[in-house]
Amino acid sequence: MKYRGVNELRQLFLDFFESKGHLSHASYSLVPHNDNSLLLINSGMAPLKPYFTGQEIPPNVRMATCQKCIRTGDIENVGKTARHGTFFEMLGNFSFGDYFKKESLEWSWEFLTEVIGFDPDRLYPSVYLEDDEAFKIWNEDIGIPKERIFKFGKEDNFWEHGSGPCGPCSEIYYDRGEKYGNGNPNATVGEDDDRFMEIWNNVFTQFDNDGNGNYTELDQKNIDTGMGLERLACAVQDAESMFDIDTILALRELVCSIMGVKYNEKPETDVSIRVITDHIRSVVFMVSDGIMPSNEGRGYVLRRLLRRACRHGRLLGRTESFLVELAEEVIRTSKDAYPSLEDKRDFILKVVANEEEAFGKTLDQGLAILSEKITELEKNGKTKLSGEDGFKLYDTYGFPIDLTKEILEDKNMTVDEEGFKTAMEHQRQTAREARAVTNYMGHDATVYEELDPSLSSKFVGYTNYTYKSPIKAMTTEKEILGILEEGDKGTIFVEETPFYATSGGQANDTGVITGANGGKFIVTDVIKLLGNKIGHVGYVESGKFEDGEEVELAIDVKRRQLAGRNHSATHLLQKSLRTVLGTHVEQAGSFVDSKRLRFDFTHFQPMTKEEIKKVEYLVNEQIQNHLQVTATEMPLEEARKTGAAALFGEKYGKIVRVITMGDFSKELCGGTHIGNTGDIGAFKIVSETGVASGVRRIEALTSKGLFDYFEELENKIIEDSGLLKTTPDKLGERIKSLQNEVKTLKSEVESLKAKQAKEAASDLMDTVVEIKGVKLLANKISGIDMNGLRDMGDELKNKLGDGVVVLLSDNDGKVNIVVMATDGAVSKGAHAGNLIKGIAGFVGGGGGGRPSMAQAGGKNPEGIDKALEEVKGILDSQLG
């Protein structure tokens with residue numbers, strides 16, 4: 001068998017199935033599209049679910065993909081064995097109601113034996129024990145002897161996931177030879193032995209499971225196959241594991257070079273090498289699909305992988321940053337198959353560098369916290385860290401539990417792992433409950449799923465504000481109806497519509513649908529559903545509507561134009577941000593409506609005032625340049641070649657719409673825009689804030705929204721000027737004058753307070769008592785803040801000469817306490833800090849300080865008298 005590299009194998013597979021009439025489709029994003037049941041794409045069929053369920057019509061009834069996937073269910077085992085990994089590529093060919101078992105199995109055999117060149121005698125198929133059809137195809141049509149076809153039960157050869165489509169499967173195993181076995185010369189397929197490797201699985205989706213174990217035949221039978229590219233490469237290259245195949249081997253060797261270690265010398269070193277090698281692949285591909293590090297969801301998975309790689313670098317003795325160099329190697333070896341890696345290169349490296357640096361600081365914080373916990377355990381004579389503390393270190397500081405265990409072991413201590421698992425499970429359960437799954441796609445079931453899958457709508461609103469079209473379907477919230485009458489709330493579907501549905505960050509149109517018989521339907525929302533269905537949500541104001549009736553659809557033109565101005569402004573804003581801040585800036589989300597625009601973008605620190613001004617200037621400059629705004633449809637690959645910016649994670653079709661604004665901006669966009677940037681009028685940023693790690697948000701106004709904003713500000717200034725008895729043009733002078741008045745009055749108040757304190761101090765001197773030769777002045781004063789209390793304490797201490805002063809004040813429902821002791825009193829044993837600790841509890845507070853001076857606060861004025869009663873006793877005990 002000829003040696004072939006990973007990239008060659010990938011292309012051979014796609015070319016082979018193209019020759020069999022399949023559409024070869026580029027890998028979908030790792031971020032599931034319109035599927036709440038998954039956090040990350042974890043199989044080749046996952047992005048194609050709508051085609052399997054019939055909710056969408058596939059672009060071709062035969063498709064083939066090489067899908068990037070991530071699975072982290074057994075992340076703790078990654079590195080410990082060479083079989084586990086989080087990132088992999090899944091080759092797959094799919095049929096949606098077209099060919100079935102015979103073609104699928106014959107083509108699998110043809111590809112493996114004739115294209116790749118596997119020895120047929122080293123390939124072994126397996127089938128579901130009740131699938132006689134598949135057994136017969138393997139035996140009679142392909143010619144595999146019966147004794148070489150293995151029958152397995154449901155656990156091994158039947159694919160299902162709860163309710164929904166399911167079916168038997170047939171796997172193909174490859175005998176890698178005795179050198180990969182466990183020493184048993186009689187080892188065979190299906191045993192826990194690395195000698196026989198499963199390389200391809202053909203799933204025959206032919207049943208529907210109602211969730212209760214009842215199966216019915218599907219009208220449309222589908223084929224879903226999967227072959228791990230890395231596994232295929234292992235077999236073809238006779239590599240021991242995925243870490244030994246060409247592209248990953250190059251990465252592994254770079255890890256060793258950076259770390260100054262060798263592979264296959266020490267088991268513990270090999271674990272860390274494999275963890276770093278695997279995890280950096282996942283990190284690079286996740287970031288390239290727009291996933292940002294965070295403490296929840298996909299971002300948490302990314303952060304965990306990246307930090308785990310960092311931590312294993314530390315275990316190998318590396319304290320300096322190293323992940324960026326590895327990320328560059330991943331990009332280099334994978335960019336031919338995944339061009340977006342090169343397109344997003346600067347952004348990927350920036351995210352990796354920032355997160356690695358941040359974790360370096362977090363790791364040190366975690367070490368400091370753990371050190372404090374160890375000291376606390378030693379002080380209390382304990383040897384086990386609580387699971388709660390262990391989880392806090394993990395969850396808050398990203399501190400891996402195995403690192404916590406390792407450090408504790410050096411101190412002959414352990415961690416409550418069961419308690420840790422309980423805390424972890426509680427977090428996972430909370431996440432699962434927050435992601436309530438009710439159907440195959442993870443969405444709440446709705447009446448829209450009952451609509452005919454062939455029903456679709458065409459948007460004609462780029463050039464039309466009104467349009468006539470027949471009604472194709474109508475629903476209420478619960479059922480599909482043929483008639484909607486006055487007062488009914490519902491959704492109307494037509495063939496063609498000028499109404500824009502909420503999508504791509506742009507809010508929906510509103511407007512009116514008018515029937516031929518005088519019916520009037522008020523459109524309050526427009527939704528886009530699977531299968532290119534556009535639903536007009538609203539209510540019948542008058543008359544009625546019938547299925548099939550031709551209606552006139554009219555949008556609110558003013559609302560559309562204002563939204564278009566804001567949408568076009570976001571394009572100018574994105575280009576301006578990249579110009580001012582750098583090419584690492586990528587759109588991370590947006591929302592525009594008729595009133596304002598919001599734009600989220602990747603950046604790693606707050607913008608300065610100067611940067612905001614520069615961006616505003618650039619946008620307004622392009623508005624004043626009156627750039628022509630044009631929309632052109634072209635193939636996706638052609639659009640990418642023109643340099644048009646694309647949105648992370650967006651699912652684009654073969655043909656895309658490119659919005660060009662002069663020579664300044666070019667983006668893929670399906671939204672609505674104005675014809676000339678001059679129509680925007682003006683642009684103003686009203687806020688710039690952080691919304692997540694590495695993601696900033698700008699809110700801005702244009703056109704009418706901006707004029708309304710300035711009008712509101714003007715009215716506010718006029719109103720405030722009236723309150724200050726001046727005019728807007730002299731408001732600044734009036735404020736400065738009032739500030740000077742306030743400053744003068746405050747000075748006078750402070751002088752008056754000081755005078756009152758002196759007078760009060762003279763009166764309080766009459767209350768001095770003596771405790772074991774030390775003078776004590778302890779008293780209550782009302783209405784004095786902490787600063788005033790300290791000033792009075794200093795005054796009394798000077799008058800006292802030598803002794804202790806204790807003052808408590810009830811001020812606005814709160815208690816302030818000051819205790820002062822002279823050097824002479826301290827030398828005899830008096831301690832202001834300990835004295836205040838002894839009385840603060842009576843007023844519901846706490847505090848402390850030095851032997852000579854301490855202060856505290858409290859929230860229970862009713863305890864002041866009790867606190868004063870305790871002072872003498874506490875001081876007496878201090879003086880011995």
# chains A, B, ... in the order shown; residues from 1 in each chain; ligands from 1
>>> residues_around(residues="Val615 in chain A", least_positions_apart="2", cutoff="9 Å", atoms="only C-alpha atoms", output="list in words")
Leu573, Ser576, Leu577, Thr579, Val580, Glu610, Glu611, Ile612, Lys613, Tyr617, Leu618, Val619, Asn620 and Ile685 of chain A
>>> write_last_selection(atoms="C-alpha atoms", output="mmCIF file, in the first residue's frame")
data_model
loop_
_atom_site.group_PDB
_atom_site.id
_atom_site.type_symbol
_atom_site.label_atom_id
_atom_site.label_comp_id
_atom_site.auth_asym_id
_atom_site.auth_seq_id
_atom_site.Cartn_x
_atom_site.Cartn_y
_atom_site.Cartn_z
ATOM 1 C CA LEU A 573 -17.453 51.000 11.378
ATOM 2 C CA SER A 576 -12.589 51.816 10.431
ATOM 3 C CA LEU A 577 -11.944 49.687 13.530
ATOM 4 C CA THR A 579 -7.802 50.498 10.236
ATOM 5 C CA VAL A 580 -7.374 52.129 13.654
ATOM 6 C CA GLU A 610 -8.246 59.107 20.849
ATOM 7 C CA GLU A 611 -9.021 55.772 19.152
ATOM 8 C CA ILE A 612 -12.767 56.383 19.434
ATOM 9 C CA LYS A 613 -12.323 59.840 17.890
ATOM 10 C CA TYR A 617 -13.746 60.582 12.057
ATOM 11 C CA LEU A 618 -13.091 57.793 9.534
ATOM 12 C CA VAL A 619 -16.746 56.722 9.435
ATOM 13 C CA ASN A 620 -18.013 60.287 9.041
ATOM 14 C CA ILE A 685 -20.402 56.488 19.105
#
>>> select_by_dssp(residues="range 232-363 of chain A", states="alpha helix (DSSP H)", output="PyMOL selection string")
chain A and resi 232-236+246-259+267-288+297-315+323-334+340-343+345-363
>>> atom_distance(atom1="CA of His603 in chain A", atom2="CA of Gln622 in chain A")
23.0 Å
>>> residues_around(residues="Gly153 in chain A", least_positions_apart="3", cutoff="8 Å", atoms="only C-alpha atoms", output="list in words")
Tyr128, Leu129, Asp156, Asn157 and Phe158 of chain A
>>> write_last_selection(atoms="C-alpha atoms", output="mmCIF file, in the first residue's frame")
data_model
loop_
_atom_site.group_PDB
_atom_site.id
_atom_site.type_symbol
_atom_site.label_atom_id
_atom_site.label_comp_id
_atom_site.auth_asym_id
_atom_site.auth_seq_id
_atom_site.Cartn_x
_atom_site.Cartn_y
_atom_site.Cartn_z
ATOM 1 C CA TYR A 128 -26.040 -5.552 13.150
ATOM 2 C CA LEU A 129 -27.064 -9.111 14.034
ATOM 3 C CA ASP A 156 -22.084 -1.957 18.878
ATOM 4 C CA ASN A 157 -23.942 -1.848 15.584
ATOM 5 C CA PHE A 158 -27.122 0.152 15.978
#
>>> closest_atom_pairs(of="range 151-237 of chain A", to="range 36-44 of chain A", cutoff="10 Å", atoms="only C-alpha atoms", output="tab-separated table")
residue	atom	partner	partner_atom	distance
A:Asp224	CA	A:Gly44	CA	8.4
A:Thr225	CA	A:Gly44	CA	8.0
A:Gly226	CA	A:Gly44	CA	6.6
A:Met227	CA	A:Gly44	CA	9.0
A:Gly228	CA	A:Gly44	CA	9.5
>>> write_last_selection(atoms="N, CA and C atoms", output="JSON list (two decimals), in the first residue's frame")
[["chain", "number", "residue", "atom", "x", "y", "z"],
["A", 224, "ASP", "N", -25.56, 7.69, 6.32],
["A", 224, "ASP", "CA", -24.67, 8.58, 7.09],
["A", 224, "ASP", "C", -23.42, 7.78, 7.41],
["A", 225, "THR", "N", -22.31, 8.11, 6.77],
["A", 225, "THR", "CA", -21.09, 7.36, 7.04],
["A", 225, "THR", "C", -20.05, 8.26, 7.69],
["A", 226, "GLY", "N", -19.13, 7.61, 8.39],
["A", 226, "GLY", "CA", -18.07, 8.37, 9.03],
["A", 226, "GLY", "C", -16.78, 7.59, 9.07],
["A", 227, "MET", "N", -15.69, 8.23, 8.65],
["A", 227, "MET", "CA", -14.37, 7.62, 8.72],
["A", 227, "MET", "C", -13.39, 8.68, 9.23],
["A", 228, "GLY", "N", -12.82, 8.44, 10.40],
["A", 228, "GLY", "CA", -11.88, 9.39, 10.97],
["A", 228, "GLY", "C", -10.65, 9.52, 10.09]]
>>> residues_around(residues="range 526-542 of chain A", least_positions_apart="2", cutoff="8 Å", atoms="only C-alpha atoms", output="number ranges by chain")
A: 50, 55-57, 453-458, 484-494, 499-503, 508-510, 518-524, 544
>>> select_by_dssp(residues="range 597-792 of chain A", states="strand (DSSP E or B)", output="number ranges by chain")
A: 597-602, 628-635, 645, 655-661, 665-668, 676, 683-692, 695-702, 769-771, 774-782
>>> residues_around(residues="His33 in chain A", least_positions_apart="2", cutoff="8 Å", atoms="only C-alpha atoms", output="PyMOL selection string")
chain A and resi 31+35+47+650-651
>>> write_last_selection(atoms="C-alpha atoms", output="compact mmCIF listing (two decimals), in the first residue's frame")
# COMPACT_ATOMS: atom_id res chain seq x y z
CA VAL A 31 -20.32 26.24 16.06
CA ASP A 35 -29.01 23.50 16.81
CA PRO A 47 -24.37 19.98 10.65
CA GLU A 650 -21.93 32.12 9.58
CA LYS A 651 -23.37 29.43 7.33
